[in-house]
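The data block below is input21.cif; it holds mmCIF, C-alpha atoms.
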```cif
data_entry
#
loop_
_atom_site.label_atom_id
_atom_site.label_comp_id
_atom_site.auth_asym_id
_atom_site.auth_seq_id
_atom_site.Cartn_x
_atom_site.Cartn_y
_atom_site.Cartn_z
CA MET I 5 0.00 0.00 0.00
CA GLY I 6 1.06 3.62 -0.44
CA TRP I 7 1.29 5.75 2.67
CA TRP I 8 2.68 9.09 3.79
CA GLN I 9 4.48 9.81 7.03
CA VAL I 10 2.76 12.97 8.24
CA GLY I 11 4.11 15.21 10.98
CA ALA I 12 1.81 16.51 13.70
CA ASP I 13 2.35 20.11 12.56
CA THR I 14 1.62 19.21 8.93
CA LEU I 15 -1.67 17.58 9.85
CA ALA I 16 -2.68 20.33 12.27
CA GLU I 17 -2.07 23.04 9.67
CA SER I 18 -3.59 21.19 6.71
CA ARG I 19 -6.72 22.66 5.19
CA PHE I 20 -9.61 21.98 2.85
CA VAL I 21 -9.70 24.09 -0.32
CA ILE I 22 -11.56 24.15 -3.62
CA SER I 23 -9.55 24.03 -6.84
CA PRO I 24 -11.15 24.88 -10.19
CA LEU I 25 -8.26 23.11 -11.93
CA ALA I 26 -8.76 19.95 -9.86
CA GLU I 27 -12.43 19.97 -10.88
CA THR I 28 -11.37 20.50 -14.50
CA THR I 29 -8.95 17.58 -14.22
CA ALA I 30 -11.81 15.45 -12.92
CA GLY I 31 -13.83 16.47 -15.97
CA LEU I 32 -10.91 15.59 -18.24
CA ILE I 33 -10.68 12.13 -16.66
CA ALA I 34 -14.40 11.56 -17.20
CA LEU I 35 -14.24 12.68 -20.84
CA ALA I 36 -11.04 10.75 -21.60
CA ARG I 37 -12.50 7.54 -20.18
CA GLY I 38 -16.00 8.17 -21.53
CA THR I 39 -17.60 7.58 -18.14
CA LYS I 40 -19.98 9.68 -16.05
CA PRO I 41 -18.14 11.90 -13.57
CA HIS I 42 -20.78 11.16 -10.91
CA PRO I 43 -24.12 9.31 -10.70
CA GLY I 44 -26.05 12.32 -12.01
CA GLY I 45 -23.67 13.05 -14.87
CA ARG I 46 -25.24 11.31 -17.87
CA SER I 47 -26.60 14.50 -19.47
CA TRP I 48 -23.26 16.25 -18.88
CA LEU I 49 -21.37 13.43 -20.58
CA ASP I 50 -23.82 13.33 -23.49
CA ALA I 51 -23.38 17.06 -24.06
CA HIS I 52 -19.58 17.18 -23.97
CA LEU I 53 -18.15 13.80 -24.99
CA ALA I 54 -18.45 14.20 -28.77
CA PRO I 55 -16.94 17.74 -28.86
CA PHE I 56 -14.11 16.57 -26.60
CA ARG I 57 -13.30 13.62 -28.83
CA ALA I 58 -13.36 15.87 -31.88
CA ARG I 59 -11.03 18.34 -30.15
CA VAL I 60 -8.55 15.61 -29.18
CA SER I 61 -8.60 13.72 -32.47
CA ALA I 62 -7.81 16.94 -34.37
CA ASP I 63 -4.38 17.08 -32.68
CA PRO I 64 -2.30 13.85 -32.69
CA VAL I 65 0.02 15.18 -29.98
CA THR I 66 -2.86 15.94 -27.60
CA ALA I 67 -4.50 12.62 -28.46
CA GLU I 68 -1.33 10.76 -27.47
CA LEU I 69 -0.95 12.85 -24.32
CA VAL I 70 -4.48 11.96 -23.28
CA ARG I 71 -3.94 8.30 -24.12
CA VAL I 72 -0.86 7.92 -21.96
CA GLY I 73 -1.66 10.62 -19.41
CA VAL I 74 -5.00 9.36 -18.11
CA GLY I 75 -4.21 5.86 -16.90
CA PRO I 76 -6.48 3.44 -15.05
CA ARG I 77 -4.71 4.10 -11.72
CA TRP I 78 -3.24 7.58 -12.10
CA ILE I 79 -3.38 10.92 -13.86
CA THR I 80 -0.12 12.34 -15.15
CA ALA I 81 1.47 15.34 -13.42
CA LEU I 82 0.87 17.39 -16.57
CA PHE I 83 -2.86 17.30 -15.85
CA THR I 84 -2.97 17.39 -12.07
CA SER I 85 -3.71 20.48 -10.07
CA PRO I 86 -0.28 21.71 -8.84
CA PRO I 87 -0.18 22.12 -5.05
CA GLY I 88 1.82 25.30 -5.57
CA GLY I 89 -1.31 26.78 -7.12
CA LEU I 90 -3.55 25.81 -4.23
CA GLY I 91 -4.19 28.22 -1.41
CA PRO I 92 -6.81 30.09 0.52
CA ALA I 93 -8.21 31.86 -2.55
CA LEU I 94 -11.05 29.37 -2.84
CA SER I 95 -11.59 28.36 0.73
CA PRO I 96 -15.31 27.83 1.43
CA GLY I 97 -17.17 31.13 1.36
CA SER I 98 -14.36 33.02 -0.39
CA PRO I 99 -15.62 35.63 -2.88
CA ALA I 100 -12.61 35.08 -5.15
CA SER I 101 -13.25 34.59 -8.86
CA ALA I 102 -13.02 30.97 -9.97
CA GLN I 103 -11.80 32.14 -13.37
CA ALA I 104 -8.91 34.06 -11.81
CA VAL I 105 -7.96 31.13 -9.58
CA PHE I 106 -8.11 28.72 -12.52
CA ALA I 107 -5.90 31.03 -14.60
CA GLY I 108 -3.27 31.02 -11.86
CA GLU I 109 -3.42 27.25 -11.46
CA VAL I 110 -3.16 26.43 -15.16
CA ALA I 111 -0.32 28.96 -15.52
CA ALA I 112 1.74 26.74 -13.19
CA ILE I 113 1.33 23.88 -15.66
CA ARG I 114 2.08 26.08 -18.67
CA SER I 115 5.29 27.36 -17.06
CA MET I 116 6.64 23.87 -16.34
CA PRO I 117 10.00 23.36 -18.14
CA ALA I 118 9.65 20.94 -21.03
CA ASP I 119 12.46 18.72 -19.73
CA ALA I 120 10.79 18.46 -16.34
CA ALA I 121 7.43 17.68 -17.99
CA LEU I 122 8.96 14.87 -20.03
CA ALA I 123 10.76 13.49 -16.98
CA GLU I 124 7.53 13.47 -14.99
CA LEU I 125 5.69 11.81 -17.85
CA ALA I 126 8.37 9.10 -18.07
CA VAL I 127 7.92 8.38 -14.35
CA ASP I 128 4.15 8.26 -14.72
CA VAL I 129 4.15 5.86 -17.67
CA ASP I 130 7.02 3.83 -16.16
CA GLY I 131 8.98 3.71 -19.38
CA PRO I 132 10.19 5.70 -22.38
CA VAL I 133 7.97 8.49 -23.67
CA SER I 134 6.79 8.09 -27.25
CA ALA I 135 8.56 10.24 -29.83
CA VAL I 136 5.40 12.19 -30.64
CA LEU I 137 5.42 13.65 -27.12
CA CYS I 138 9.10 14.66 -27.07
CA ARG I 139 8.33 18.30 -27.75
CA ARG I 140 9.17 21.64 -26.16
CA ASP I 141 5.52 22.74 -26.17
CA LEU I 142 4.15 19.74 -24.26
CA PRO I 143 3.16 21.77 -21.13
CA ASP I 144 1.38 24.26 -23.43
CA ARG I 145 -0.57 21.42 -25.06
CA ALA I 146 -1.69 20.12 -21.68
CA ALA I 147 -2.63 23.62 -20.47
CA ASN I 148 -4.57 24.36 -23.66
CA LEU I 149 -6.61 21.18 -23.31
CA LEU I 150 -7.38 21.92 -19.66
CA GLU I 151 -8.49 25.44 -20.61
CA TRP I 152 -10.82 23.94 -23.23
CA VAL I 153 -12.37 21.54 -20.71
CA TRP I 154 -12.75 24.33 -18.14
CA THR I 155 -14.41 26.76 -20.55
CA ARG I 156 -16.71 24.27 -22.27
CA ALA I 157 -17.52 21.63 -19.68
CA VAL I 158 -16.89 22.97 -16.17
CA LEU I 159 -17.38 26.72 -15.97
CA PRO I 160 -21.05 26.64 -17.14
CA TYR I 161 -21.85 24.39 -14.15
CA TRP I 162 -19.47 25.95 -11.67
CA ARG I 163 -21.99 27.73 -9.45
CA ARG I 164 -23.79 24.53 -8.50
CA ARG I 165 -20.61 22.46 -8.33
CA ARG I 166 -19.01 24.93 -5.99
CA ARG I 167 -22.01 24.66 -3.65
CA VAL I 168 -21.66 20.87 -3.71
CA LEU I 169 -17.93 21.02 -2.97
CA GLU I 170 -18.44 23.54 -0.15
CA ALA I 171 -21.13 21.34 1.37
CA ASP I 172 -18.75 18.40 1.39
CA ILE I 173 -16.10 20.48 3.15
CA VAL I 174 -18.67 21.53 5.76
CA ALA I 175 -19.54 17.88 6.41
CA ARG I 176 -15.91 16.78 6.46
CA THR I 177 -14.95 19.56 8.87
CA ALA I 178 -17.81 18.54 11.16
CA LYS I 179 -16.48 14.98 11.17
CA LEU I 180 -13.04 16.30 12.05
CA GLY I 181 -14.44 18.22 15.00
CA GLN I 182 -16.45 15.27 16.26
CA GLY I 183 -14.14 12.31 15.68
CA GLY I 184 -10.72 13.68 14.81
CA TRP I 185 -8.68 12.75 11.77
CA VAL I 186 -9.68 9.08 11.96
CA ALA I 187 -13.29 10.08 11.28
CA ALA I 188 -12.46 12.82 8.75
CA LEU I 189 -10.14 10.68 6.63
CA GLY I 190 -11.71 7.25 7.08
CA ASP I 191 -14.01 7.35 4.07
CA MET I 192 -12.39 10.17 2.10
CA ARG I 193 -11.41 7.96 -0.84
CA PRO I 194 -11.14 4.21 -1.50
CA GLY I 195 -8.14 2.68 0.24
CA MET I 196 -7.41 5.78 2.30
CA ARG I 197 -7.42 5.81 6.10
CA TRP I 198 -5.48 6.97 9.12
CA LEU I 199 -3.11 4.21 10.31
CA GLY I 200 -1.87 5.94 13.45
CA GLU I 201 1.66 6.87 14.47
CA GLY I 202 1.73 9.63 11.87
CA ARG I 203 0.95 7.32 8.95
CA LEU I 204 -1.69 8.26 6.38
CA ARG I 205 -2.54 5.54 3.87
CA ILE I 206 -3.47 7.27 0.62
CA ASN I 207 -4.32 4.20 -1.48
CA ALA I 208 -4.21 0.42 -1.47
CA TYR I 209 -1.34 0.11 -3.96
CA ASP I 210 2.12 -1.21 -3.15
CA TYR I 211 4.02 2.07 -3.38
CA PRO I 212 6.98 2.98 -1.15
CA PRO I 213 6.22 5.28 1.80
CA ARG I 214 6.92 8.99 1.47
CA SER I 215 7.74 11.42 4.27
CA ILE I 216 5.89 14.74 4.08
CA VAL I 217 6.94 15.92 7.54
CA GLY I 218 7.19 19.71 7.51
CA ALA I 219 5.32 20.07 4.22
CA GLU I 220 1.95 21.71 3.53
CA LEU I 221 -1.01 19.42 3.01
CA PHE I 222 -4.29 20.23 1.24
CA PHE I 223 -7.51 18.23 0.92
CA VAL I 224 -9.45 19.04 -2.26
CA PRO I 225 -12.93 17.62 -3.04
CA VAL I 226 -13.87 16.93 -6.66
CA THR I 227 -17.09 15.70 -8.29
CA TRP I 228 -15.49 12.50 -9.60
CA GLU I 229 -15.93 8.99 -8.25
CA ARG I 230 -12.21 8.57 -7.59
CA GLY I 231 -9.38 10.77 -6.41
CA TRP I 232 -5.66 11.22 -6.86
CA VAL I 233 -2.71 12.85 -5.15
CA SER I 234 -0.18 15.42 -6.33
CA TRP I 235 2.83 17.34 -5.09
CA ASP I 236 4.95 20.17 -6.41
CA VAL I 237 8.17 19.37 -8.21
CA PRO I 238 11.03 19.78 -7.44
CA GLU I 239 10.41 21.50 -4.11
CA LEU I 240 8.27 18.69 -2.63
CA ARG I 241 6.93 21.09 -0.01
CA ARG I 242 3.24 21.02 -0.91
CA TYR I 243 1.06 17.94 -1.18
CA ALA I 244 -2.60 17.59 -2.10
CA VAL I 245 -5.17 14.82 -1.83
CA MET I 246 -8.00 15.15 -4.34
CA TYR I 247 -10.94 13.09 -3.10
CA PRO I 248 -14.49 12.40 -4.35
CA CYS I 249 -17.13 14.50 -2.64
CA SER I 250 -19.71 12.43 -0.85
CA GLY I 251 -22.29 11.65 -3.52
CA VAL I 252 -24.34 14.83 -3.32
CA LEU I 253 -24.58 15.13 -7.10
CA ALA I 254 -26.36 11.82 -7.26
CA GLY I 255 -29.66 13.56 -6.53
CA VAL I 256 -32.01 15.05 -9.09
CA SER I 257 -30.77 18.39 -10.38
CA ASP I 258 -32.66 21.66 -9.99
CA GLY I 259 -33.71 21.66 -13.62
CA VAL I 260 -35.14 18.14 -13.50
CA LEU I 261 -36.91 18.83 -10.22
CA ALA I 262 -38.82 21.72 -11.78
CA HIS I 263 -40.73 19.13 -13.85
CA HIS I 264 -40.71 16.40 -11.24
CA ALA I 265 -43.98 15.20 -9.74
CA LEU I 266 -42.50 15.62 -6.29
CA GLY I 267 -41.81 19.27 -7.04
CA ALA I 268 -45.42 19.78 -8.05
CA LEU I 269 -46.59 18.14 -4.83
CA LEU I 270 -44.30 19.86 -2.31
CA GLY I 271 -42.98 22.86 -4.16
CA PRO I 272 -39.55 22.84 -5.86
CA GLY I 273 -37.66 24.18 -2.84
CA ARG I 274 -38.92 21.58 -0.38
CA ALA I 275 -38.72 18.80 -2.97
CA LEU I 276 -35.07 19.61 -3.66
CA ILE I 277 -34.25 19.46 0.05
CA LEU I 278 -36.07 16.16 0.43
CA VAL I 279 -34.20 14.64 -2.51
CA LEU I 280 -30.85 15.89 -1.22
CA LEU I 281 -31.45 14.25 2.16
CA ASP I 282 -30.55 10.82 0.83
CA ALA I 283 -28.02 10.96 3.68
CA PRO I 284 -28.25 13.04 6.89
CA LYS I 285 -27.23 16.67 6.37
CA SER I 286 -27.10 19.84 8.42
CA THR I 287 -28.84 23.12 7.67
CA THR I 288 -25.49 24.60 6.68
CA GLN I 289 -24.89 21.84 4.14
CA LEU I 290 -28.35 22.28 2.66
CA VAL I 291 -27.83 26.03 2.31
CA ALA I 292 -24.58 25.37 0.44
CA LEU I 293 -26.12 22.72 -1.79
CA THR I 294 -29.33 24.49 -2.71
CA GLY I 295 -28.17 28.09 -2.81
CA GLN I 296 -31.32 29.02 -0.89
CA PRO I 297 -31.13 31.53 2.01
CA LEU I 298 -30.81 30.15 5.52
CA GLY I 299 -34.29 31.37 6.45
CA SER I 300 -35.89 29.61 3.46
CA VAL I 301 -34.11 26.33 4.20
CA GLY I 302 -35.18 26.57 7.84
CA ARG I 303 -38.84 27.10 6.88
CA HIS I 304 -38.77 24.19 4.43
CA LEU I 305 -37.26 21.92 7.06
CA LYS I 306 -39.91 22.86 9.62
CA ILE I 307 -42.74 22.13 7.18
CA LEU I 308 -41.20 18.78 6.23
CA LEU I 309 -40.69 17.93 9.92
CA ASP I 310 -44.29 18.83 10.76
CA ALA I 311 -45.51 16.71 7.85
CA GLY I 312 -43.67 13.67 9.20
CA LEU I 313 -41.31 13.48 6.24
CA LEU I 314 -38.16 14.31 8.19
CA GLU I 315 -36.59 13.54 11.53
CA ARG I 316 -33.55 15.11 13.14
CA ARG I 317 -30.81 14.17 15.54
CA ARG I 318 -27.89 15.97 17.14
CA ALA I 319 -24.33 15.06 16.12
CA GLY I 320 -21.85 17.04 18.19
CA ARG I 321 -22.66 20.70 17.60
CA SER I 322 -24.68 20.03 14.47
CA VAL I 323 -28.31 19.02 13.97
CA LEU I 324 -28.68 16.54 11.12
CA TYR I 325 -31.91 16.06 9.18
CA TYR I 326 -32.84 12.81 7.47
CA ARG I 327 -35.83 11.29 5.70
CA THR I 328 -38.42 9.15 7.46
CA ALA I 329 -39.60 5.84 6.01
CA VAL I 330 -42.64 7.63 4.57
CA ALA I 331 -40.40 10.13 2.79
CA GLU I 332 -38.15 7.37 1.48
CA SER I 333 -41.19 5.67 -0.05
CA LEU I 334 -42.43 8.97 -1.47
CA VAL I 335 -39.13 9.76 -3.18
CA ALA I 336 -38.71 6.21 -4.46
CA ALA I 337 -42.21 6.23 -5.95
CA GLN I 338 -41.61 9.27 -8.14
CA PRO I 339 -41.21 8.56 -11.86
CA ASP I 340 -38.08 9.78 -13.58
CA PRO I 341 -39.19 12.47 -16.05
CA ARG I 342 -36.16 11.74 -18.22
CA ALA I 343 -37.30 8.18 -18.87
CA SER I 344 -39.32 7.39 -21.94
CA VAL I 345 -42.16 4.96 -21.17
CA THR I 346 -44.18 3.16 -23.81
CA ARG I 347 -47.52 1.89 -22.63
CA ARG I 348 -49.13 -1.11 -24.27
CA ALA I 349 -52.82 -1.74 -24.30
CA PRO I 350 -53.83 -4.94 -22.54
CA ARG I 351 -54.65 -7.86 -24.81
#
```

Would you write out, as structure tokens, the structure that this file holds?
Amino acid sequence: MGWWQVGADTLAESRFVISPLAETTAGLIALARGTKPHPGGRSWLDAHLAPFRARVSADPVTAELVRVGVGPRWITALFTSPPGGLGPALSPGSPASAQAVFAGEVAAIRSMPADAALAELAVDVDGPVSAVLCRRDLPDRAANLLEWVWTRAVLPYWRRRRRVLEADIVARTAKLGQGGWVAALGDMRPGMRWLGEGRLRINAYDYPPRSIVGAELFFVPVTWERGWVSWDVPELRRYAVMYPCSGVLAGVSDGVLAHHALGALLGPGRALILVLLDAPKSTTQLVALTGQPLGSVGRHLKILLDAGLLERRRAGRSVLYYRTAVAESLVAAQPDPRASVTRRAPR
């Protein structure tokens, strides 16, 4: 297994941040592999897969870079969000522009020396780099592709995705306060858990341990079913763990809910909250996910509680809301408006 030796100061000073480039990298992985980025991502994939494939196939160098750079177990350093570009600019609640933060992050990739990029790629592919990729403009090619994915496939959805990512950080921080790092890291990504004695297992693969004592450590949620890790080269002073946010995009989107029978029954605001409560969530999380004001979320929760559709329980300093059995049956009984149903007359 792969694990990091983490110093007490490194862990204590680590922080959760949001990275537009990490989210763009997650989108690139989904498009390169032709798979949904999350359970609710079929329409997103349908809209962007064909243009992405056309964009890549038009440039043999980029096509080869994607082929070798998005492996089944890793994503090459040329596409990963550089820890040197991560910082407090997009901490939860920050008013900073995602476009400005993305520009700074992708600039770190564009400025990578070509020799260093090729060396990193050789390490990632565990062998010689194909001749088509031995070019001085390789970092530019990677940066250009990431800019294309950001502009076409991520930025139009950023407002909602940011709310989802912020909600995950709220939940993860609550776990940290209630159960320490064991609770906060235990289900962060497959194969990752706190081993004790300063050891953080980051995956289940047989990689040699790495000491990050004295380094900076970031935790970055992404809307992708898997995660990855990255660190800055050659300084090796900043490390980042990109991890999948906890399934909140699996619910029905705002646009679908507007035509959903449940929305007609309860009102779109309350229906959205009920759908999102597939797992217990706090008021703060629901505000982040829905974009509704705190007062509106509070009123919706009270009505749903009074109707017997929700229950609540205290977890540390938070109050978590969750669906009752009646609500579970109600949500499960709703037809999917995206499905096409052909009815046959009885014979």

- [ ] Return the single residue from I:Ile307, I:Ile79, I:Val10, I:Ala171 that is closest to Val127 (chain I), with distances computed using all atoms listed in the file.
- [x] I:Ile79

- [ ] For CA of Phe222 (chain I) and CA of Arg241 (chain I), determine how far apart the two atoms are, in Å to one decimal place.
- [x] 11.3 Å

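Remark: for Thr84 (chain I), the closest of the candidate residues I:Asp236, I:Asp191, I:Asp50, I:Asp119 is I:Asp236 (distances computed over only C-alpha atoms).
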
Task: Nearest to Ala102 (chain I), chosen from I:Pro160, I:Gly11, I:Pro41, I:Gly200, with all atoms listed in the file counted in the distances - done: I:Pro160

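Residue membership of the PyMOL selection byres ((chain I and resi 219) around 8) in the shown file amounts to Thr14, Ile216, Val217, Gly218, Glu220, Leu221, Leu240, Arg241, Arg242 and Tyr243 of chain I.
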
Name the residues that the PyMOL selection byres ((chain I and resi 65) around 8) pulls out of this structure, and write them as a CSV table (one decimal) with C-alpha atoms, in the frame of the given file.
```csv
chain,number,residue,atom,x,y,z
I,63,ASP,CA,-4.4,17.1,-32.7
I,64,PRO,CA,-2.3,13.8,-32.7
I,66,THR,CA,-2.9,15.9,-27.6
I,67,ALA,CA,-4.5,12.6,-28.5
I,68,GLU,CA,-1.3,10.8,-27.5
I,69,LEU,CA,-1.0,12.8,-24.3
I,136,VAL,CA,5.4,12.2,-30.6
I,137,LEU,CA,5.4,13.6,-27.1
I,145,ARG,CA,-0.6,21.4,-25.1
```
